[in-house]
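Engineer: I'm passing along entry.pdb; it holds PDB, C-alpha atoms, pLDDT in the B column.
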```pdb
ATOM      1  CA  MET A   1     119.672 118.656 133.907  1.00 55.00           C
ATOM      2  CA  PHE A   2     118.997 115.676 136.191  1.00 63.00           C
ATOM      3  CA  THR A   3     121.112 115.529 139.361  1.00 77.00           C
ATOM      4  CA  LYS A   4     121.647 112.078 140.823  1.00 88.00           C
ATOM      5  CA  ILE A   5     120.546 111.923 144.447  1.00 94.00           C
ATOM      6  CA  ARG A   6     123.115 110.525 146.856  1.00 97.00           C
ATOM      7  CA  LEU A   7     121.072 108.516 149.348  1.00 98.00           C
ATOM      8  CA  PHE A   8     122.101 107.693 152.918  1.00 98.00           C
ATOM      9  CA  GLY A   9     120.118 106.499 155.901  1.00 98.00           C
ATOM     10  CA  ILE A  10     119.819 104.570 159.117  1.00 98.00           C
ATOM     11  CA  ILE A  11     118.548 101.068 159.875  1.00 98.00           C
ATOM     12  CA  GLY A  12     117.343  99.786 163.242  1.00 96.00           C
ATOM     13  CA  TYR A  13     114.060  99.133 165.012  1.00 95.00           C
ATOM     14  CA  PRO A  14     112.346 101.199 166.205  1.00 91.00           C
ATOM     15  CA  LEU A  15     113.780 104.477 164.884  1.00 92.00           C
ATOM     16  CA  SER A  16     111.431 107.050 166.395  1.00 85.00           C
ATOM     17  CA  HIS A  17     114.170 108.025 168.884  1.00 78.00           C
ATOM     18  CA  SER A  18     116.831 108.703 166.258  1.00 86.00           C
ATOM     19  CA  PHE A  19     118.291 112.187 165.813  1.00 89.00           C
ATOM     20  CA  SER A  20     120.359 111.111 162.793  1.00 93.00           C
ATOM     21  CA  PRO A  21     117.863 112.085 160.039  1.00 95.00           C
ATOM     22  CA  GLY A  22     117.524 115.561 161.554  1.00 95.00           C
ATOM     23  CA  PHE A  23     121.282 115.877 162.041  1.00 95.00           C
ATOM     24  CA  PHE A  24     122.073 115.032 158.424  1.00 97.00           C
ATOM     25  CA  ALA A  25     119.192 117.131 157.043  1.00 97.00           C
ATOM     26  CA  LYS A  26     120.680 120.176 158.818  1.00 97.00           C
ATOM     27  CA  LYS A  27     124.190 119.270 157.700  1.00 98.00           C
ATOM     28  CA  PHE A  28     123.174 118.896 154.046  1.00 98.00           C
ATOM     29  CA  SER A  29     121.221 122.165 154.136  1.00 97.00           C
ATOM     30  CA  LYS A  30     124.013 124.099 155.850  1.00 97.00           C
ATOM     31  CA  GLU A  31     126.680 122.800 153.469  1.00 97.00           C
ATOM     32  CA  GLY A  32     124.556 123.206 150.335  1.00 97.00           C
ATOM     33  CA  LEU A  33     124.531 119.483 149.585  1.00 97.00           C
ATOM     34  CA  ASP A  34     121.267 119.606 147.639  1.00 95.00           C
ATOM     35  CA  ASN A  35     121.955 116.262 145.966  1.00 96.00           C
ATOM     36  CA  CYS A  36     122.156 114.382 149.306  1.00 98.00           C
ATOM     37  CA  ARG A  37     119.284 112.807 151.233  1.00 97.00           C
ATOM     38  CA  TYR A  38     119.168 110.879 154.500  1.00 98.00           C
ATOM     39  CA  ASP A  39     116.198 108.639 155.351  1.00 97.00           C
ATOM     40  CA  ALA A  40     115.150 106.445 158.250  1.00 97.00           C
ATOM     41  CA  PHE A  41     114.610 102.803 157.294  1.00 98.00           C
ATOM     42  CA  PRO A  42     112.989 100.988 160.242  1.00 97.00           C
ATOM     43  CA  LEU A  43     113.529  97.251 159.718  1.00 98.00           C
ATOM     44  CA  PRO A  44     111.475  94.925 161.937  1.00 97.00           C
ATOM     45  CA  SER A  45     113.995  92.211 160.986  1.00 98.00           C
ATOM     46  CA  ILE A  46     117.598  92.414 159.734  1.00 98.00           C
ATOM     47  CA  ASP A  47     116.561  89.822 157.117  1.00 98.00           C
ATOM     48  CA  LEU A  48     114.917  92.727 155.267  1.00 98.00           C
ATOM     49  CA  LEU A  49     118.264  94.428 154.573  1.00 98.00           C
ATOM     50  CA  PRO A  50     118.897  92.804 151.139  1.00 97.00           C
ATOM     51  CA  GLN A  51     115.438  93.891 149.974  1.00 97.00           C
ATOM     52  CA  LEU A  52     116.094  97.439 151.198  1.00 98.00           C
ATOM     53  CA  LEU A  53     119.298  97.567 149.147  1.00 97.00           C
ATOM     54  CA  THR A  54     117.530  96.188 146.069  1.00 96.00           C
ATOM     55  CA  ASN A  55     114.752  98.770 146.409  1.00 97.00           C
ATOM     56  CA  ASN A  56     117.233 101.645 146.832  1.00 97.00           C
ATOM     57  CA  PRO A  57     120.060 101.117 144.326  1.00 95.00           C
ATOM     58  CA  ASN A  58     121.406 104.649 144.900  1.00 94.00           C
ATOM     59  CA  LEU A  59     122.119 103.995 148.608  1.00 97.00           C
ATOM     60  CA  GLU A  60     125.745 104.866 149.370  1.00 98.00           C
ATOM     61  CA  GLY A  61     125.823 104.434 153.128  1.00 98.00           C
ATOM     62  CA  LEU A  62     123.844 103.432 156.186  1.00 98.00           C
ATOM     63  CA  ASN A  63     124.132 103.971 159.897  1.00 98.00           C
ATOM     64  CA  VAL A  64     123.230 100.921 161.988  1.00 97.00           C
ATOM     65  CA  THR A  65     121.601 101.222 165.391  1.00 92.00           C
ATOM     66  CA  ILE A  66     119.856  99.033 167.990  1.00 88.00           C
ATOM     67  CA  PRO A  67     119.374  96.079 167.691  1.00 92.00           C
ATOM     68  CA  TYR A  68     121.464  95.293 164.584  1.00 95.00           C
ATOM     69  CA  LYS A  69     125.047  96.378 165.310  1.00 93.00           C
ATOM     70  CA  SER A  70     126.167  92.747 165.580  1.00 93.00           C
ATOM     71  CA  ALA A  71     123.314  91.071 163.679  1.00 96.00           C
ATOM     72  CA  VAL A  72     124.267  92.925 160.460  1.00 98.00           C
ATOM     73  CA  ILE A  73     127.732  91.310 160.288  1.00 97.00           C
ATOM     74  CA  PRO A  74     126.708  88.150 158.326  1.00 98.00           C
ATOM     75  CA  TYR A  75     125.407  90.419 155.528  1.00 98.00           C
ATOM     76  CA  LEU A  76     128.750  92.183 155.007  1.00 98.00           C
ATOM     77  CA  ASP A  77     131.326  91.583 152.290  1.00 98.00           C
ATOM     78  CA  SER A  78     134.157  92.977 154.415  1.00 98.00           C
ATOM     79  CA  MET A  79     134.865  94.891 157.641  1.00 98.00           C
ATOM     80  CA  SER A  80     137.424  97.424 158.800  1.00 97.00           C
ATOM     81  CA  ASP A  81     140.050  96.042 161.188  1.00 93.00           C
ATOM     82  CA  GLU A  82     138.546  98.080 164.027  1.00 93.00           C
ATOM     83  CA  ALA A  83     134.991  96.842 163.446  1.00 96.00           C
ATOM     84  CA  GLN A  84     136.290  93.272 163.245  1.00 96.00           C
ATOM     85  CA  ALA A  85     138.160  93.623 166.530  1.00 93.00           C
ATOM     86  CA  ILE A  86     135.081  95.077 168.229  1.00 94.00           C
ATOM     87  CA  GLY A  87     132.553  92.671 166.741  1.00 94.00           C
ATOM     88  CA  ALA A  88     130.028  95.436 166.083  1.00 93.00           C
ATOM     89  CA  VAL A  89     129.243  97.720 163.143  1.00 96.00           C
ATOM     90  CA  ASN A  90     127.393 101.044 163.094  1.00 96.00           C
ATOM     91  CA  VAL A  91     128.377 102.316 159.623  1.00 98.00           C
ATOM     92  CA  LEU A  92     127.912 100.570 156.276  1.00 98.00           C
ATOM     93  CA  LYS A  93     129.657 101.846 153.181  1.00 98.00           C
ATOM     94  CA  ILE A  94     128.068 100.593 149.973  1.00 98.00           C
ATOM     95  CA  LYS A  95     130.435 100.548 147.027  1.00 94.00           C
ATOM     96  CA  ASP A  96     130.099  98.623 143.744  1.00 92.00           C
ATOM     97  CA  GLY A  97     127.340  96.531 145.287  1.00 91.00           C
ATOM     98  CA  LYS A  98     129.548  95.514 148.219  1.00 96.00           C
ATOM     99  CA  LEU A  99     128.781  96.158 151.905  1.00 98.00           C
ATOM    100  CA  ILE A 100     131.743  97.275 154.004  1.00 98.00           C
ATOM    101  CA  GLY A 101     131.296  97.479 157.779  1.00 98.00           C
ATOM    102  CA  HIS A 102     132.901 100.176 159.930  1.00 98.00           C
ATOM    103  CA  ASN A 103     132.573 101.372 163.517  1.00 96.00           C
ATOM    104  CA  SER A 104     132.466 105.119 164.157  1.00 97.00           C
ATOM    105  CA  ASP A 105     131.072 104.645 167.687  1.00 94.00           C
ATOM    106  CA  VAL A 106     134.654 104.095 168.828  1.00 96.00           C
ATOM    107  CA  PHE A 107     135.751 107.496 167.518  1.00 96.00           C
ATOM    108  CA  GLY A 108     132.687 109.230 168.975  1.00 97.00           C
ATOM    109  CA  PHE A 109     132.874 107.566 172.362  1.00 97.00           C
ATOM    110  CA  GLU A 110     136.632 107.975 172.836  1.00 96.00           C
ATOM    111  CA  HIS A 111     136.738 111.676 172.018  1.00 96.00           C
ATOM    112  CA  SER A 112     133.635 112.533 174.046  1.00 97.00           C
ATOM    113  CA  LEU A 113     134.886 110.481 177.020  1.00 96.00           C
ATOM    114  CA  ARG A 114     138.305 112.164 176.993  1.00 94.00           C
ATOM    115  CA  ASN A 115     136.583 115.564 177.058  1.00 94.00           C
ATOM    116  CA  PHE A 116     134.320 114.451 179.918  1.00 96.00           C
ATOM    117  CA  LEU A 117     136.898 112.959 182.277  1.00 93.00           C
ATOM    118  CA  PRO A 118     139.297 114.982 184.444  1.00 82.00           C
ATOM    119  CA  ASP A 119     142.471 115.825 182.558  1.00 74.00           C
ATOM    120  CA  PRO A 120     144.741 114.367 183.576  1.00 66.00           C
ATOM    121  CA  VAL A 121     142.904 111.608 185.450  1.00 66.00           C
ATOM    122  CA  GLN A 122     144.654 111.810 188.819  1.00 58.00           C
ATOM    123  CA  GLU A 123     143.935 108.211 189.683  1.00 66.00           C
ATOM    124  CA  LYS A 124     142.991 105.498 187.271  1.00 80.00           C
ATOM    125  CA  LEU A 125     139.197 105.323 187.142  1.00 90.00           C
ATOM    126  CA  HIS A 126     137.504 101.944 187.204  1.00 96.00           C
ATOM    127  CA  ALA A 127     134.423 101.751 184.975  1.00 97.00           C
ATOM    128  CA  LEU A 128     131.120  99.958 185.388  1.00 98.00           C
ATOM    129  CA  VAL A 129     129.753  99.199 181.899  1.00 98.00           C
ATOM    130  CA  LEU A 130     126.012  98.525 181.876  1.00 98.00           C
ATOM    131  CA  GLY A 131     125.011  96.241 179.007  1.00 97.00           C
ATOM    132  CA  THR A 132     126.878  93.836 176.734  1.00 94.00           C
ATOM    133  CA  GLY A 133     125.405  94.569 173.280  1.00 91.00           C
ATOM    134  CA  GLY A 134     126.922  96.166 170.179  1.00 88.00           C
ATOM    135  CA  ALA A 135     127.364  99.630 171.703  1.00 91.00           C
ATOM    136  CA  SER A 136     128.969  98.078 174.778  1.00 95.00           C
ATOM    137  CA  LYS A 137     131.559  96.366 172.586  1.00 94.00           C
ATOM    138  CA  ALA A 138     132.728  99.718 171.214  1.00 94.00           C
ATOM    139  CA  VAL A 139     132.865 101.136 174.765  1.00 97.00           C
ATOM    140  CA  GLN A 140     134.933  98.180 175.972  1.00 97.00           C
ATOM    141  CA  PHE A 141     137.324  98.619 173.036  1.00 96.00           C
ATOM    142  CA  VAL A 142     137.913 102.279 173.972  1.00 96.00           C
ATOM    143  CA  LEU A 143     138.348 101.561 177.693  1.00 96.00           C
ATOM    144  CA  ARG A 144     141.006  98.952 176.894  1.00 95.00           C
ATOM    145  CA  LYS A 145     142.715 101.443 174.579  1.00 94.00           C
ATOM    146  CA  MET A 146     142.702 104.060 177.360  1.00 93.00           C
ATOM    147  CA  ASP A 147     143.920 101.470 179.884  1.00 92.00           C
ATOM    148  CA  LEU A 148     140.862 101.983 182.107  1.00 94.00           C
ATOM    149  CA  PRO A 149     139.819  98.796 183.957  1.00 96.00           C
ATOM    150  CA  PHE A 150     136.124  97.916 183.708  1.00 97.00           C
ATOM    151  CA  LEU A 151     133.482  95.532 184.984  1.00 98.00           C
ATOM    152  CA  LEU A 152     130.539  94.469 182.810  1.00 98.00           C
ATOM    153  CA  VAL A 153     127.003  94.355 184.196  1.00 98.00           C
ATOM    154  CA  SER A 154     124.269  92.391 182.443  1.00 96.00           C
ATOM    155  CA  ARG A 155     120.816  91.017 183.245  1.00 92.00           C
ATOM    156  CA  ASN A 156     122.350  87.574 183.712  1.00 89.00           C
ATOM    157  CA  PHE A 157     125.489  86.594 185.594  1.00 89.00           C
ATOM    158  CA  SER A 158     128.142  85.043 183.311  1.00 89.00           C
ATOM    159  CA  ALA A 159     131.867  84.413 183.054  1.00 89.00           C
ATOM    160  CA  GLU A 160     132.255  87.900 181.527  1.00 93.00           C
ATOM    161  CA  SER A 161     129.768  89.914 183.571  1.00 96.00           C
ATOM    162  CA  ILE A 162     128.015  90.284 186.900  1.00 97.00           C
ATOM    163  CA  ASP A 163     124.251  90.788 187.189  1.00 97.00           C
ATOM    164  CA  TYR A 164     122.563  93.926 188.537  1.00 97.00           C
ATOM    165  CA  GLU A 165     121.816  92.264 191.882  1.00 96.00           C
ATOM    166  CA  SER A 166     125.579  91.903 192.373  1.00 97.00           C
ATOM    167  CA  VAL A 167     126.241  95.660 192.140  1.00 97.00           C
ATOM    168  CA  THR A 168     126.905  96.255 195.829  1.00 96.00           C
ATOM    169  CA  GLU A 169     127.866  99.391 197.745  1.00 95.00           C
ATOM    170  CA  GLU A 170     131.482  98.258 197.495  1.00 96.00           C
ATOM    171  CA  VAL A 171     131.228  97.864 193.706  1.00 97.00           C
ATOM    172  CA  MET A 172     129.757 101.355 193.371  1.00 97.00           C
ATOM    173  CA  GLN A 173     132.431 102.899 195.558  1.00 96.00           C
ATOM    174  CA  SER A 174     135.274 101.259 193.613  1.00 96.00           C
ATOM    175  CA  HIS A 175     133.858 102.107 190.149  1.00 97.00           C
ATOM    176  CA  GLN A 176     133.530 105.858 189.734  1.00 96.00           C
ATOM    177  CA  LEU A 177     132.824 105.886 186.010  1.00 97.00           C
ATOM    178  CA  VAL A 178     129.413 104.361 185.187  1.00 98.00           C
ATOM    179  CA  ILE A 179     128.495 103.977 181.507  1.00 98.00           C
ATOM    180  CA  ASN A 180     125.007 103.012 180.351  1.00 98.00           C
ATOM    181  CA  THR A 181     125.084 101.281 176.950  1.00 97.00           C
ATOM    182  CA  THR A 182     121.543  99.876 177.258  1.00 96.00           C
ATOM    183  CA  PRO A 183     118.415 101.487 175.746  1.00 93.00           C
ATOM    184  CA  LEU A 184     116.809 101.813 179.207  1.00 96.00           C
ATOM    185  CA  GLY A 185     115.360 105.309 179.616  1.00 97.00           C
ATOM    186  CA  MET A 186     115.270 106.007 175.884  1.00 94.00           C
ATOM    187  CA  SER A 187     112.254 107.862 174.499  1.00 90.00           C
ATOM    188  CA  PRO A 188     109.375 107.045 174.552  1.00 90.00           C
ATOM    189  CA  ILE A 189     109.838 104.790 177.634  1.00 93.00           C
ATOM    190  CA  VAL A 190     111.583 107.473 179.673  1.00 96.00           C
ATOM    191  CA  ASP A 191     110.648 106.313 183.175  1.00 97.00           C
ATOM    192  CA  THR A 192     113.034 103.322 183.159  1.00 98.00           C
ATOM    193  CA  CYS A 193     116.681 103.091 184.183  1.00 98.00           C
ATOM    194  CA  PRO A 194     119.244 100.392 185.022  1.00 98.00           C
ATOM    195  CA  LEU A 195     118.662  98.872 188.477  1.00 96.00           C
ATOM    196  CA  LEU A 196     121.536 100.274 190.541  1.00 97.00           C
ATOM    197  CA  PRO A 197     121.968 101.441 194.152  1.00 97.00           C
ATOM    198  CA  TYR A 198     121.925 105.099 193.071  1.00 98.00           C
ATOM    199  CA  GLN A 199     122.114 106.260 196.693  1.00 97.00           C
ATOM    200  CA  GLN A 200     125.780 105.138 196.617  1.00 97.00           C
ATOM    201  CA  LEU A 201     126.682 107.706 193.946  1.00 98.00           C
ATOM    202  CA  THR A 202     128.865 110.637 195.007  1.00 97.00           C
ATOM    203  CA  PRO A 203     130.300 113.859 193.514  1.00 97.00           C
ATOM    204  CA  SER A 204     133.359 111.753 192.596  1.00 95.00           C
ATOM    205  CA  HIS A 205     131.311 109.650 190.183  1.00 97.00           C
ATOM    206  CA  HIS A 206     131.019 110.283 186.436  1.00 97.00           C
ATOM    207  CA  LEU A 207     127.850 108.984 184.724  1.00 98.00           C
ATOM    208  CA  TYR A 208     127.862 108.660 180.931  1.00 98.00           C
ATOM    209  CA  ASP A 209     124.629 107.598 179.188  1.00 98.00           C
ATOM    210  CA  LEU A 210     124.881 106.662 175.513  1.00 97.00           C
ATOM    211  CA  VAL A 211     121.150 107.486 175.266  1.00 95.00           C
ATOM    212  CA  TYR A 212     120.626 111.069 174.009  1.00 93.00           C
ATOM    213  CA  ASN A 213     116.825 111.227 173.747  1.00 92.00           C
ATOM    214  CA  PRO A 214     115.658 112.445 176.241  1.00 94.00           C
ATOM    215  CA  GLU A 215     118.491 114.840 176.960  1.00 96.00           C
ATOM    216  CA  LYS A 216     118.510 113.863 180.634  1.00 98.00           C
ATOM    217  CA  THR A 217     117.531 110.256 181.269  1.00 98.00           C
ATOM    218  CA  LYS A 218     116.343 108.984 184.631  1.00 98.00           C
ATOM    219  CA  PHE A 219     119.805 107.372 185.001  1.00 98.00           C
ATOM    220  CA  LEU A 220     121.501 110.769 184.611  1.00 98.00           C
ATOM    221  CA  ALA A 221     118.942 112.614 186.746  1.00 98.00           C
ATOM    222  CA  LEU A 222     119.508 110.189 189.638  1.00 98.00           C
ATOM    223  CA  GLY A 223     123.248 110.686 189.295  1.00 98.00           C
ATOM    224  CA  GLU A 224     122.921 114.464 189.210  1.00 98.00           C
ATOM    225  CA  SER A 225     120.745 114.429 192.334  1.00 98.00           C
ATOM    226  CA  ASN A 226     123.658 112.770 194.155  1.00 98.00           C
ATOM    227  CA  GLY A 227     126.152 115.339 192.886  1.00 98.00           C
ATOM    228  CA  SER A 228     127.700 113.121 190.191  1.00 98.00           C
ATOM    229  CA  LYS A 229     128.987 114.589 186.940  1.00 97.00           C
ATOM    230  CA  ILE A 230     126.807 113.570 183.986  1.00 98.00           C
ATOM    231  CA  LEU A 231     126.997 113.398 180.183  1.00 98.00           C
ATOM    232  CA  ASN A 232     124.493 112.136 177.618  1.00 98.00           C
ATOM    233  CA  GLY A 233     125.205 110.584 174.223  1.00 96.00           C
ATOM    234  CA  LEU A 234     124.759 113.699 172.064  1.00 95.00           C
ATOM    235  CA  PRO A 235     128.469 114.604 171.811  1.00 97.00           C
ATOM    236  CA  MET A 236     129.176 110.990 170.817  1.00 97.00           C
ATOM    237  CA  LEU A 237     126.341 111.099 168.263  1.00 93.00           C
ATOM    238  CA  TYR A 238     127.703 114.201 166.562  1.00 95.00           C
ATOM    239  CA  LEU A 239     131.263 112.884 166.507  1.00 97.00           C
ATOM    240  CA  GLN A 240     130.327 109.445 165.171  1.00 96.00           C
ATOM    241  CA  ALA A 241     128.001 110.975 162.562  1.00 96.00           C
ATOM    242  CA  GLU A 242     130.752 113.228 161.202  1.00 97.00           C
ATOM    243  CA  LYS A 243     133.075 110.228 161.163  1.00 98.00           C
ATOM    244  CA  ALA A 244     130.444 108.229 159.218  1.00 98.00           C
ATOM    245  CA  TRP A 245     130.243 111.024 156.649  1.00 98.00           C
ATOM    246  CA  GLU A 246     134.028 110.911 156.327  1.00 98.00           C
ATOM    247  CA  ILE A 247     133.898 107.120 155.786  1.00 98.00           C
ATOM    248  CA  TRP A 248     131.168 107.400 153.122  1.00 98.00           C
ATOM    249  CA  ASN A 249     133.177 110.008 151.216  1.00 97.00           C
ATOM    250  CA  ALA A 250     136.616 108.394 151.519  1.00 94.00           C
TER
END
```
Mind converting the file's structure to C-alpha cells?
Structural biologist:
Amino acid sequence: MFTKIRLFGIIGYPLSHSFSPGFFAKKFSKEGLDNCRYDAFPLPSIDLLPQLLTNNPNLEGLNVTIPYKSAVIPYLDSMSDEAQAIGAVNVLKIKDGKLIGHNSDVFGFEHSLRNFLPDPVQEKLHALVLGTGGASKAVQFVLRKMDLPFLLVSRNFSAESIDYESVTEEVMQSHQLVINTTPLGMSPIVDTCPLLPYQQLTPSHHLYDLVYNPEKTKFLALGESNGSKILNGLPMLYLQAEKAWEIWNA
C-alpha cells in the first residue's frame, strides 16, 4: 500500500551551514515517522519560491533562513500576529495551497536566553544587538518583551542604530549582554567576526551568538578568552525547530 510522503524543508542561500536537515532526519528516525522527509532547498533568489511549491505539491512546511526571513513576506497569504509584529518569518505552513507565515525564532531565542542569563537578573542588563536583519527583529521583539533595554549596531549609522566604529569602551562597559545576529563567523568563513573592542569584555559580560556552526565562533572565542560567559545558537535551533514541528502539525 502506498504511503503518502509528508515533505518539509528549508529555504535560504547558501544552506551548507544548516543543521536542520540532520536535526529532522534524526527526529523522524527516532520517532518512527517513516512517512516524513525533510530536504534542503537552496534558492539563489526568493523569486524561485513559487516554482519550488509547484514542483513539490506535497510540501507541508518550510523553515526560512538567511537571507529570506523578511523577503519571503510578499509571497505569503497570511501571517501570525507575532510574525506580523516582528516583520520576519522563519516558518511557513502550507495548507490548502495557502502560505501562512510564523516566527518560531522568538520562542527559541526567549527560552534559550532565559536559561543563559542569571536568574534572577540582579540588575537590568543592557544589550548590544549586532545586526538589523530578520533574526535581529526576533531578538529585539524578545528583549522588549523581557523589558531589557538594547542598542542596535549595524554597518551604517542610522536613526535606529549606531555603526561599529561607534562601539566605544563606554558602550561596551554599559552593555553586558552582546548578541550577534549576523552571519559573521558562520561556516565556511569561520575566521570573521563583528568588529568590536573585544579587549573591553569582562567576566560580567554574556555573549550570545545566533550562529551555531561552528560550535564556537571567533566572536565567542574572543569573549571566552576575556572571561565572558558564552552561548551559541544550538539551543535556540533545537527549540525553534520543535516549535516549527508543532506549528506544522497544529
Engineer: Check which residues satisfy the PyMOL selection byres ((chain A and resi 150-164) around 12) in the file shown, then give them as a ChimeraX atom specification.
Structural biologist: /A:124-133,136-137,139-149,165-169,171-172,174-182,193-197
Engineer: Quick one: residues within 12 Å of A:Ile247, all atoms listed in the file counted, chain neighbours fewer than 5 positions away excluded, as a PyMOL selection string?
Structural biologist: chain A and resi 60-63+80+90-95+100-104+107+240-242
Engineer: Keeping only C-alpha atoms, write the selected residues as a JSON list (two decimals), in the frame of the given file.
Structural biologist:
```json
[["chain", "number", "residue", "atom", "x", "y", "z"],
["A", 60, "GLU", "CA", 125.74, 104.87, 149.37],
["A", 61, "GLY", "CA", 125.82, 104.43, 153.13],
["A", 62, "LEU", "CA", 123.84, 103.43, 156.19],
["A", 63, "ASN", "CA", 124.13, 103.97, 159.90],
["A", 80, "SER", "CA", 137.42, 97.42, 158.80],
["A", 90, "ASN", "CA", 127.39, 101.04, 163.09],
["A", 91, "VAL", "CA", 128.38, 102.32, 159.62],
["A", 92, "LEU", "CA", 127.91, 100.57, 156.28],
["A", 93, "LYS", "CA", 129.66, 101.85, 153.18],
["A", 94, "ILE", "CA", 128.07, 100.59, 149.97],
["A", 95, "LYS", "CA", 130.44, 100.55, 147.03],
["A", 100, "ILE", "CA", 131.74, 97.28, 154.00],
["A", 101, "GLY", "CA", 131.30, 97.48, 157.78],
["A", 102, "HIS", "CA", 132.90, 100.18, 159.93],
["A", 103, "ASN", "CA", 132.57, 101.37, 163.52],
["A", 104, "SER", "CA", 132.47, 105.12, 164.16],
["A", 107, "PHE", "CA", 135.75, 107.50, 167.52],
["A", 240, "GLN", "CA", 130.33, 109.44, 165.17],
["A", 241, "ALA", "CA", 128.00, 110.98, 162.56],
["A", 242, "GLU", "CA", 130.75, 113.23, 161.20]]
```
Engineer: Quick one: distance from atom CA of A:Val106 to atom CA of A:Asp209 in Å, one decimal?
Structural biologist: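 Atom CA of A:Asp209 lies at a distance of 14.8 Å from atom CA of A:Val106.
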Engineer: Between atom CA of A:Thr3 and atom CA of A:Val64, measure the distance and give it in Å to one decimal.
Structural biologist: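 Computing it gives 27.0 Å between the two atoms.
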Engineer: What does the distance between atom CA of A:Met186 and atom CA of A:Leu59 come to in Å, to one decimal place?
Structural biologist: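 These atoms are spaced 28.2 Å apart.
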Engineer: For A:Leu53, find every residue with an atom within 12 Å (counting all atoms listed in the file), except residues of its own chain fewer than 2 positions away, and show them as a PDB file with C-alpha atoms, in the coordinates of the input.
Structural biologist:
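File produced: around_10.pdb:
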```pdb
ATOM      1  CA  LEU A   7     121.072 108.516 149.348  1.00 98.00           C
ATOM      2  CA  PHE A   8     122.101 107.693 152.918  1.00 98.00           C
ATOM      3  CA  GLY A   9     120.118 106.499 155.901  1.00 98.00           C
ATOM      4  CA  ILE A  11     118.548 101.068 159.875  1.00 98.00           C
ATOM      5  CA  PHE A  41     114.610 102.803 157.294  1.00 98.00           C
ATOM      6  CA  ILE A  46     117.598  92.414 159.734  1.00 98.00           C
ATOM      7  CA  ASP A  47     116.561  89.822 157.117  1.00 98.00           C
ATOM      8  CA  LEU A  48     114.917  92.727 155.267  1.00 98.00           C
ATOM      9  CA  LEU A  49     118.264  94.428 154.573  1.00 98.00           C
ATOM     10  CA  PRO A  50     118.897  92.804 151.139  1.00 97.00           C
ATOM     11  CA  GLN A  51     115.438  93.891 149.974  1.00 97.00           C
ATOM     12  CA  ASN A  55     114.752  98.770 146.409  1.00 97.00           C
ATOM     13  CA  ASN A  56     117.233 101.645 146.832  1.00 97.00           C
ATOM     14  CA  PRO A  57     120.060 101.117 144.326  1.00 95.00           C
ATOM     15  CA  ASN A  58     121.406 104.649 144.900  1.00 94.00           C
ATOM     16  CA  LEU A  59     122.119 103.995 148.608  1.00 97.00           C
ATOM     17  CA  GLU A  60     125.745 104.866 149.370  1.00 98.00           C
ATOM     18  CA  GLY A  61     125.823 104.434 153.128  1.00 98.00           C
ATOM     19  CA  LEU A  62     123.844 103.432 156.186  1.00 98.00           C
ATOM     20  CA  TYR A  75     125.407  90.419 155.528  1.00 98.00           C
ATOM     21  CA  LEU A  92     127.912 100.570 156.276  1.00 98.00           C
ATOM     22  CA  LYS A  93     129.657 101.846 153.181  1.00 98.00           C
ATOM     23  CA  ILE A  94     128.068 100.593 149.973  1.00 98.00           C
ATOM     24  CA  LYS A  95     130.435 100.548 147.027  1.00 94.00           C
ATOM     25  CA  GLY A  97     127.340  96.531 145.287  1.00 91.00           C
ATOM     26  CA  LYS A  98     129.548  95.514 148.219  1.00 96.00           C
ATOM     27  CA  LEU A  99     128.781  96.158 151.905  1.00 98.00           C
TER      28      LEU A  99
END
```
Engineer: Within 10 Å of A:Pro44, counting only C-alpha atoms, which residues qualify if same-chain residues fewer than 6 places away don't, as a PyMOL selection string?
Structural biologist: chain A and resi 11-14+67
Engineer: Out of A:Asp105, A:Asp34, A:Glu215, A:Asp119, which residue has the shortest atom-to-atom distance to A:Gly134 when counting only C-alpha atoms?
Structural biologist: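 Of A:Asp105, A:Asp34, A:Glu215, A:Asp119, the one nearest A:Gly134 is A:Asp105, counting only C-alpha atoms.
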Engineer: Of the candidates A:Val211, A:Val190, A:Ile66, A:Leu239, which one gets nearest to A:Pro42 if we count only C-alpha atoms?
Structural biologist: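 Nearest to A:Pro42: A:Ile66.
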Engineer: Return the single residue from A:Asp77, A:Ile10, A:Leu15, A:Tyr198 that is closest to A:Asn213, with distances computed using only C-alpha atoms.
Structural biologist: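 Residue with the minimum atom-to-atom distance to A:Asn213: A:Leu15.
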Engineer: List, as a list in words, every residue that the PyMOL selection byres ((chain A and resi 187) around 10) selects in the file provided.
Structural biologist: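 Residues picked by the PyMOL selection byres ((chain A and resi 187) around 10): Ser16, His17, Ser18, Pro183, Leu184, Gly185, Met186, Pro188, Ile189, Val190, Asp191, Thr192, Val211, Tyr212, Asn213, Pro214, Glu215 and Thr217 of chain A.
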